[in-house]
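Shown next, in structure tokens, is the structure this report addresses.
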Amino acid sequence: MERPVRALLRRLGVGLFLALVVVLTSFLLVKLDAAPSDVLLGGPTPAAEERAQLVEDYGLDRPAFVQFVRYTIRVLRGELGRSWLTGDPVLGEIMARIPATLELMLYSILLGTLIAVPTGVAAAFARNTAEDRTVRGASVLGEAMPPFLLALLLLLVFFRWLDIAPAPSGRISIVLSPPTAVTGSYFIDSIIMQDSIAARSALAQLVLPVVTLALMVGATLTLLVRGAMLAQMDAPHFVYARAQGMSREMLTMIALRGALPTIGAGLATQSAALLGVTALVEHVFAWGGVGQYGLEAMARADFAAVQGFILVSAAFAAIMHLVHALVRRIARIRIRRA
Amino acid sequence: MIGRLLRMLRLLARRRAGAALALVVLAGFAAAVVARPVAWPHPPGAQDAGSVLAAPSLRHPLGTDANGRDILARVVDGARYAFAVPLAALALAILLGAPLGLAAGLGGGWLDSLLRRTFQGIGLVPPLLLAMALVAAMGPSLRHVVVAIGLLEAIVFARAMRDEVRALHDRGFIEAAIAAGNPLPRLVLVHLLPNTLARIAGEVPRQASWALGVLAAMGFVGIATAADTTEWGSMIREGVEHLYAGQWWAAIFPGLALLVFGGALRVLAESIDEHGPRRAATSPALAGATDRAGRPLSPRGAG
Amino acid sequence: MLLDVQDLRVERSVTGAQGERGFEPALAGVSFRVVKGRILGLVGEHGAGKSLAASAILGLLRPEARLVGGRALFEGQDLLRMSEADLTRVRGARIGFVVQSGHATLDPNTRVGAQLVRAQSIHRPIVKAEAAWRAETIMSSMGIPEPRLRAQAWPHELTPGIVQRVVIGLALINEPQLLIADEPTAGLDITTQVQILDLLHLEVRRRRIGGIIITRDLGVVAQYCDDIAVMYAGQVVEQGPVGQVFTRPAHPLTRAMIADAPERLALAGRRVGGPVAEPADGCAYRARCPDATDRCLVAPPLVGAGVHAARCHFARIAAA
Ligand SMILES: Nc1ncnc2c1ncn2[C@@H]1O[C@H](COP(=O)(O)OP(=O)(O)O)[C@@H](O)[C@H]1O
Ligand SMILES: [Mg+2]
């Protein structure tokens, strides 16, 4: 009983430390600015009493350490301040935009995996042939592709030239009103509301941003799948599987099964950092998600919003890593129990 | 040490056609930057009122932008940023990161753990976003871009350096050198640095490509500089509205330059992963990408 | 004649110091035969090309190696010219192969019993319950205690000896005509080695099939094999029935190996001398040969009478 408890405590300690580092990072962001107070004080021209209130709240007349402690306490309470642009609480603004971003990411990860796994597997089986080289070349190029450029290229071809994709104007056609929020996904909500016109529009709006992100995810993931497959294919048990006369399908299953932990880890790592790419894609498509919100906050030096955004993106990454650790643990227990 | 580096590049070029091509591409950009002032009639800033947003033609092979400026001249001029910003950031990153990693690796113990956890915590924020937020906080200027990227990449180099030093330590290399009576500075300069150089150098192309991507993203979102520059990301931002109107060249050509330049760096990085000094233990795709716990070691890929 | 390998030639890609690519011969014309009901011992030092020869026959070469010539007639069909699809139908069904890798040959992510069932399903449609029953049957005939329990185990839960029994069971479950076992006892303790070899020997005899045991140990050949082929640097340097070769070894390498591993039949593999760079032409063994003369600068022919032959200028082989 002794060891698990200690391990748990240790883990808890590490988690707390990581959280502290993240909060400190976000705190220091504002300290970097030449005129920190102005930044926090609700924009360029705050009213006098408002300013006094903020100085009091943040302890701006106190030493930096005290400011940090106060900031940490506020963060713990979920008080991320107000955007000077809108005057609304940052946390609320971010929460309202999360479904849009999650929807985009979820579909992209799914589609990206759907592209990457078969492609990576095929490349691994065709090791060092022209087919393999083509896949690798395309993936390396994809990794080098700035996400916003890919988005623009797709828009140029499918919106401007072929005119089969809608304008990059958000999550639903501007002439339609969004469906009543149930899940937060315009597409799913439209279906629930049985509004087929809205559903079709929401779906059409999704296509290009999802394809952009999925290709970005797919490029890295393809290389990862290929590498993990090759590592499996060099293992003695795979050679033995071939010696047993297994078909390509059976061999694929065996190698893929062994490669799964590596692929899962890669996927988790990628998803944890995906908000960066997503933000740029949201920016191009005026998606109205968390990412676009964060980038706009940066461009306008809306610092409470930037800080909130940074905290939320770290929280998202932490959740991704936790989910991954949990999945791994469950998988391992299943094997050990037998 | 330079000789060793050159030899490595030569070996790479010979083994991999891709790496050779990548080096040629980069050299081509450099040559174009140098040759442009004498070889090309249109300066990047010169406005041709008669041809605003003119399509590609013989006179302007890549067309002109909304101010009637020659896009070819501007794209070539923009390569200066593509070289300078990642290089400066890399210099800063190595100067900051290598000593940190050295200290962590030699010191071990709590210092090592503290740094590792701190980096891990910072790494939770997608590096691209953190770099952008840093620049937003410091204010728009190329110097701030360099600092932000350099700070984040310092983490990568610190980790690489730390791992190398630890590996040497675990092989008894360091104890042996100390037992042989080497004072610390000599140990570091003569024994450790040359042994870790290959790993550091191997990271350079990948980090340069990441830096280029971040710079362009900042330019595209409009937080890199306040000025009107030929940095490719900024050029793309200015061209976007015309792209929707059909005048695609103002945004697409700087974009393609970005893709080709970044692609060359990626190809170089990829070849080093496969044939360089440190062949990845698991798979090329994973090389340097994750630590034991599967967390990212470097701000790359989706970052 | 079950398997007749003739003049098997394989090259391996090599990367020079300057990064240039080239090919060098790895198997320089290997020939041997396996007869139904008999076991051939393929013996030689580490790196002689024994595994390479077995892999080449079954089309399991890694990308860095390529086949350049020869024939491998298995029941009259040339395996080297078979399509991958046809070869797939031979592997595991008509030729069982125990690959060299200690106990890392089982799929770590599948239970042992399920692997035995899967192996049956590769080559013909199966009824699940019947296949499971057959899996248990073969496990018990491989001498695995409590097969029903063990069938539920994951490979990492079994001892190396049991794993190797499972691997042999897998190779035999589709009733092949030929069983190839590549260093089947490497890494096992002596007692287990003897048990595994006894098992292999018994199964080949009982099923009246052909067998190849690849080993570095002459003692194994003496005790368990009917014929022997001694390999050195990608060539068979001596072959013949075990009795004849052991009583009248004709090649200096065979003599050295016999002297090194005398009648005590030591089971631990040992190397004869250190690795030496093979000369580019002439007799590959001459750099290490105590009897080498100027004649050895010319590649020696295969000298022999009938079934016993050696690749040496000085071989004197009396007709049996
Ligand atoms: N399946 C294979 N594909 C390609 N090369 C192989 C294969 N098996 C062995 N080799 C290579 O052939 C050479 C001879 O080694 P090997 O046949 O394994 O020797 P032995 O089995 O006699 O110890 C080695 O360089 C080895 O890497
Ligand atoms: Mg072998």
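Ligands are numbered from 1 in the order shown, chains are lettered A, B, ... in the order of the structure tokens, and residues start at 1 in each chain.
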
Can you check which residues of chain C have any atom within 9 Å of chain A? Use only C-alpha atoms and format it as JSON, numbers by chain. {"C": [55, 58, 59, 60, 62, 63, 85, 87, 88, 89, 90, 91, 92, 93, 95, 96, 97, 98, 99, 100, 101, 104, 105, 106, 107, 108, 109, 110, 111, 119, 122, 123, 152, 153, 154, 170, 171]}

How would you report the residues lying within 9 Å of ligand 1, as a PyMOL selection string, if you count only C-alpha atoms and all ligand atoms? (chain A and resi 239) or (chain C and resi 10-12+26-27+42-56+59-66+100+182-183+214-216+231-234)

Shell around segment 132-140 of chain A at 8 Å using only C-alpha atoms, local window under 3 positions removed, as number ranges by chain: A: 119-120, 122-124, 126-129, 143-144, 218-220, 222-223; B: 263, 266-267, 270

Let me see the file: selected residues, N, CA, C and O atoms, as a PDB file, in the first residue's frame.
ATOM      1  N   THR A 119      -1.863   5.151 -45.500  1.00  0.00           N
ATOM      2  CA  THR A 119      -0.727   5.629 -46.285  1.00  0.00           C
ATOM      3  C   THR A 119       0.592   5.195 -45.667  1.00  0.00           C
ATOM      4  O   THR A 119       1.489   4.701 -46.352  1.00  0.00           O
ATOM      5  N   GLY A 120       0.700   5.377 -44.355  1.00  0.00           N
ATOM      6  CA  GLY A 120       1.931   4.995 -43.672  1.00  0.00           C
ATOM      7  C   GLY A 120       2.180   3.495 -43.762  1.00  0.00           C
ATOM      8  O   GLY A 120       3.305   3.045 -43.977  1.00  0.00           O
ATOM      9  N   ALA A 122       1.067   1.448 -46.137  1.00  0.00           N
ATOM     10  CA  ALA A 122       1.443   1.115 -47.519  1.00  0.00           C
ATOM     11  C   ALA A 122       2.906   1.474 -47.765  1.00  0.00           C
ATOM     12  O   ALA A 122       3.660   0.704 -48.362  1.00  0.00           O
ATOM     13  N   ALA A 123       3.323   2.641 -47.271  1.00  0.00           N
ATOM     14  CA  ALA A 123       4.706   3.069 -47.477  1.00  0.00           C
ATOM     15  C   ALA A 123       5.668   2.110 -46.796  1.00  0.00           C
ATOM     16  O   ALA A 123       6.718   1.765 -47.334  1.00  0.00           O
ATOM     17  N   ALA A 124       5.300   1.651 -45.601  1.00  0.00           N
ATOM     18  CA  ALA A 124       6.185   0.743 -44.871  1.00  0.00           C
ATOM     19  C   ALA A 124       6.337  -0.571 -45.623  1.00  0.00           C
ATOM     20  O   ALA A 124       7.434  -1.106 -45.750  1.00  0.00           O
ATOM     21  N   ALA A 126       6.087  -0.940 -48.723  1.00  0.00           N
ATOM     22  CA  ALA A 126       6.785  -0.693 -49.985  1.00  0.00           C
ATOM     23  C   ALA A 126       8.145  -0.054 -49.735  1.00  0.00           C
ATOM     24  O   ALA A 126       8.666   0.655 -50.582  1.00  0.00           O
ATOM     25  N   ARG A 127       8.714  -0.326 -48.583  1.00  0.00           N
ATOM     26  CA  ARG A 127       9.942   0.343 -48.149  1.00  0.00           C
ATOM     27  C   ARG A 127      10.958   0.551 -49.274  1.00  0.00           C
ATOM     28  O   ARG A 127      11.308  -0.372 -50.007  1.00  0.00           O
ATOM     29  N   ASN A 128      11.420   1.784 -49.397  1.00  0.00           N
ATOM     30  CA  ASN A 128      12.481   2.150 -50.340  1.00  0.00           C
ATOM     31  C   ASN A 128      12.120   2.022 -51.818  1.00  0.00           C
ATOM     32  O   ASN A 128      12.984   2.092 -52.671  1.00  0.00           O
ATOM     33  N   THR A 129      10.849   1.827 -52.107  1.00  0.00           N
ATOM     34  CA  THR A 129      10.447   1.839 -53.515  1.00  0.00           C
ATOM     35  C   THR A 129      10.016   3.256 -53.882  1.00  0.00           C
ATOM     36  O   THR A 129       9.996   4.149 -53.042  1.00  0.00           O
ATOM     37  N   GLU A 143       4.917  18.623 -43.856  1.00  0.00           N
ATOM     38  CA  GLU A 143       5.419  19.140 -42.584  1.00  0.00           C
ATOM     39  C   GLU A 143       5.974  20.550 -42.756  1.00  0.00           C
ATOM     40  O   GLU A 143       5.958  21.345 -41.830  1.00  0.00           O
ATOM     41  N   ALA A 144       6.514  20.818 -43.954  1.00  0.00           N
ATOM     42  CA  ALA A 144       7.095  22.138 -44.187  1.00  0.00           C
ATOM     43  C   ALA A 144       6.022  23.149 -44.585  1.00  0.00           C
ATOM     44  O   ALA A 144       6.277  24.339 -44.643  1.00  0.00           O
ATOM     45  N   GLY A 218      -2.068  14.721 -40.925  1.00  0.00           N
ATOM     46  CA  GLY A 218      -1.737  13.516 -41.672  1.00  0.00           C
ATOM     47  C   GLY A 218      -0.274  13.441 -42.068  1.00  0.00           C
ATOM     48  O   GLY A 218       0.330  12.370 -42.029  1.00  0.00           O
ATOM     49  N   ALA A 219       0.307  14.576 -42.434  1.00  0.00           N
ATOM     50  CA  ALA A 219       1.697  14.561 -42.904  1.00  0.00           C
ATOM     51  C   ALA A 219       2.626  14.018 -41.824  1.00  0.00           C
ATOM     52  O   ALA A 219       3.386  13.070 -42.041  1.00  0.00           O
ATOM     53  N   THR A 220       2.540  14.600 -40.639  1.00  0.00           N
ATOM     54  CA  THR A 220       3.404  14.151 -39.552  1.00  0.00           C
ATOM     55  C   THR A 220       3.068  12.718 -39.153  1.00  0.00           C
ATOM     56  O   THR A 220       3.954  11.888 -38.942  1.00  0.00           O
ATOM     57  N   THR A 222       1.726  10.327 -40.861  1.00  0.00           N
ATOM     58  CA  THR A 222       2.111   9.314 -41.850  1.00  0.00           C
ATOM     59  C   THR A 222       3.553   8.865 -41.611  1.00  0.00           C
ATOM     60  O   THR A 222       3.839   7.664 -41.589  1.00  0.00           O
ATOM     61  N   LEU A 223       4.437   9.829 -41.422  1.00  0.00           N
ATOM     62  CA  LEU A 223       5.836   9.486 -41.168  1.00  0.00           C
ATOM     63  C   LEU A 223       5.955   8.670 -39.887  1.00  0.00           C
ATOM     64  O   LEU A 223       6.723   7.721 -39.799  1.00  0.00           O
TER      65      LEU A 223
ATOM     66  N   GLY B 263      10.791  23.643 -46.988  1.00  0.00           N
ATOM     67  CA  GLY B 263      10.891  22.257 -47.430  1.00  0.00           C
ATOM     68  C   GLY B 263      12.337  21.810 -47.508  1.00  0.00           C
ATOM     69  O   GLY B 263      12.677  20.703 -47.081  1.00  0.00           O
ATOM     70  N   ARG B 266      13.528  21.085 -44.109  1.00  0.00           N
ATOM     71  CA  ARG B 266      12.927  19.839 -43.619  1.00  0.00           C
ATOM     72  C   ARG B 266      13.627  18.622 -44.206  1.00  0.00           C
ATOM     73  O   ARG B 266      13.891  17.642 -43.512  1.00  0.00           O
ATOM     74  N   VAL B 267      13.871  18.679 -45.504  1.00  0.00           N
ATOM     75  CA  VAL B 267      14.521  17.548 -46.172  1.00  0.00           C
ATOM     76  C   VAL B 267      15.899  17.315 -45.556  1.00  0.00           C
ATOM     77  O   VAL B 267      16.305  16.185 -45.286  1.00  0.00           O
ATOM     78  N   GLU B 270      15.460  15.721 -42.233  1.00  0.00           N
ATOM     79  CA  GLU B 270      15.053  14.328 -42.404  1.00  0.00           C
ATOM     80  C   GLU B 270      16.246  13.442 -42.762  1.00  0.00           C
ATOM     81  O   GLU B 270      16.396  12.343 -42.245  1.00  0.00           O
TER      82      GLU B 270
END

Just the residues within 10 Å of Val166 of chain C, please, counting only C-alpha atoms, with nothing from its chain fewer than 2 positions along; format it as an mmCIF file with C-alpha atoms, in the first residue's frame.
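Full text of selection-v9.cif as output:
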data_model
loop_
_atom_site.group_PDB
_atom_site.id
_atom_site.type_symbol
_atom_site.label_atom_id
_atom_site.label_comp_id
_atom_site.auth_asym_id
_atom_site.auth_seq_id
_atom_site.Cartn_x
_atom_site.Cartn_y
_atom_site.Cartn_z
ATOM 1 C CA HIS C 103 12.322 -16.630 -27.939
ATOM 2 C CA THR C 105 9.483 -15.149 -32.428
ATOM 3 C CA LEU C 106 5.986 -15.134 -31.011
ATOM 4 C CA VAL C 112 -0.390 -18.336 -27.444
ATOM 5 C CA GLY C 113 -3.469 -20.421 -28.178
ATOM 6 C CA GLN C 115 -1.577 -17.776 -32.418
ATOM 7 C CA LEU C 116 -1.842 -21.506 -32.933
ATOM 8 C CA ALA C 135 -3.878 -26.203 -30.881
ATOM 9 C CA ILE C 138 -0.156 -30.021 -30.629
ATOM 10 C CA MET C 139 0.852 -28.185 -27.475
ATOM 11 C CA SER C 140 0.652 -31.370 -25.463
ATOM 12 C CA MET C 142 5.216 -30.692 -27.940
ATOM 13 C CA GLY C 143 5.506 -31.657 -24.293
ATOM 14 C CA ILE C 144 3.918 -28.513 -22.899
ATOM 15 C CA ARG C 150 -0.944 -22.220 -21.377
ATOM 16 C CA ALA C 151 -3.067 -21.488 -24.429
ATOM 17 C CA PRO C 155 4.126 -15.076 -24.794
ATOM 18 C CA LEU C 158 6.150 -18.315 -20.677
ATOM 19 C CA PRO C 160 12.005 -19.593 -23.138
ATOM 20 C CA GLY C 161 11.855 -23.378 -23.339
ATOM 21 C CA ILE C 162 8.058 -23.423 -23.526
ATOM 22 C CA VAL C 163 8.096 -20.593 -26.055
ATOM 23 C CA GLN C 164 10.408 -22.574 -28.280
ATOM 24 C CA ILE C 168 7.987 -25.579 -33.158
ATOM 25 C CA GLY C 169 4.341 -26.470 -32.697
ATOM 26 C CA LEU C 170 3.425 -23.489 -34.875
ATOM 27 C CA ALA C 171 5.843 -24.659 -37.549
ATOM 28 C CA LEU C 172 4.338 -28.155 -37.504
#

Within 7 Å of chain B, which residues belong to chain A? Use only C-alpha atoms and report them as a ChimeraX atom specification. /A:18-19,21-22,29-30,32-33,140-141,143-146,149,156,160,220,223-224,227-228,231,265,269-270,273-277,298-299,301,306,310,313-314,317-318

Name all residues at most 9 Å from Leu106 of chain B (count only C-alpha atoms; drop same-chain ones fewer than 4 positions away) and give them as a PDB file with C-alpha atoms, in the first residue's frame.
ATOM      1  CA  GLY B 101      21.868  21.652 -20.674  1.00  0.00           C
ATOM      2  CA  LEU B 102      25.505  21.289 -19.760  1.00  0.00           C
ATOM      3  CA  ASP B 112      18.328  18.426 -13.592  1.00  0.00           C
ATOM      4  CA  ARG B 162      21.642  17.490 -21.303  1.00  0.00           C
ATOM      5  CA  VAL B 165      26.149  14.876 -21.442  1.00  0.00           C
ATOM      6  CA  ARG B 166      24.154  12.377 -19.398  1.00  0.00           C
ATOM      7  CA  HIS B 169      28.299  10.437 -17.998  1.00  0.00           C
ATOM      8  CA  ILE B 174      33.187  12.095 -17.595  1.00  0.00           C
TER       9      ILE B 174
END

DSSP-assigned helix (DSSP H, G or I) members of segment 120-224 of chain C, reported as a count of residues only: 64

Using only C-alpha atoms, which protein or nucleic acid residues come within 10 Å of segment 95-97 of chain A? Drop anything in the same chain fewer than 5 positions from it, and give the result as a PDB file with N, CA and C atoms, in the first residue's frame.
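The new file out_36.pdb reads:
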ATOM      1  N   VAL A  90     -12.993  37.074 -19.749  1.00  0.00           N
ATOM      2  CA  VAL A  90     -12.264  36.278 -20.728  1.00  0.00           C
ATOM      3  C   VAL A  90     -12.687  34.814 -20.694  1.00  0.00           C
ATOM      4  N   LEU A 102     -13.125  22.657 -30.846  1.00  0.00           N
ATOM      5  CA  LEU A 102     -13.095  21.210 -30.612  1.00  0.00           C
ATOM      6  C   LEU A 102     -13.645  20.458 -31.812  1.00  0.00           C
ATOM      7  N   GLY A 184     -23.131  22.454 -29.358  1.00  0.00           N
ATOM      8  CA  GLY A 184     -22.167  23.491 -29.711  1.00  0.00           C
ATOM      9  C   GLY A 184     -21.655  23.320 -31.116  1.00  0.00           C
ATOM     10  N   TRP A 287     -13.154  31.384 -38.316  1.00  0.00           N
ATOM     11  CA  TRP A 287     -13.933  30.305 -37.724  1.00  0.00           C
ATOM     12  C   TRP A 287     -14.622  30.703 -36.425  1.00  0.00           C
ATOM     13  N   GLY A 288     -14.068  31.691 -35.757  1.00  0.00           N
ATOM     14  CA  GLY A 288     -14.698  32.123 -34.509  1.00  0.00           C
ATOM     15  C   GLY A 288     -14.450  31.192 -33.340  1.00  0.00           C
ATOM     16  N   GLY A 289     -13.353  30.444 -33.381  1.00  0.00           N
ATOM     17  CA  GLY A 289     -13.042  29.543 -32.271  1.00  0.00           C
ATOM     18  C   GLY A 289     -12.055  30.165 -31.305  1.00  0.00           C
ATOM     19  N   VAL A 290     -11.583  29.346 -30.383  1.00  0.00           N
ATOM     20  CA  VAL A 290     -10.637  29.805 -29.367  1.00  0.00           C
ATOM     21  C   VAL A 290      -9.346  30.308 -30.013  1.00  0.00           C
ATOM     22  N   GLY A 291      -8.876  29.564 -31.019  1.00  0.00           N
ATOM     23  CA  GLY A 291      -7.609  29.916 -31.644  1.00  0.00           C
ATOM     24  C   GLY A 291      -7.647  31.291 -32.266  1.00  0.00           C
ATOM     25  N   GLN A 292      -8.696  31.539 -33.039  1.00  0.00           N
ATOM     26  CA  GLN A 292      -8.808  32.853 -33.670  1.00  0.00           C
ATOM     27  C   GLN A 292      -8.903  33.942 -32.608  1.00  0.00           C
ATOM     28  N   TYR A 293      -9.656  33.642 -31.555  1.00  0.00           N
ATOM     29  CA  TYR A 293      -9.788  34.583 -30.445  1.00  0.00           C
ATOM     30  C   TYR A 293      -8.413  34.928 -29.874  1.00  0.00           C
ATOM     31  N   VAL A 312      -5.566  28.294 -21.158  1.00  0.00           N
ATOM     32  CA  VAL A 312      -6.495  27.296 -21.681  1.00  0.00           C
ATOM     33  C   VAL A 312      -5.789  26.332 -22.634  1.00  0.00           C
TER      34      VAL A 312
END
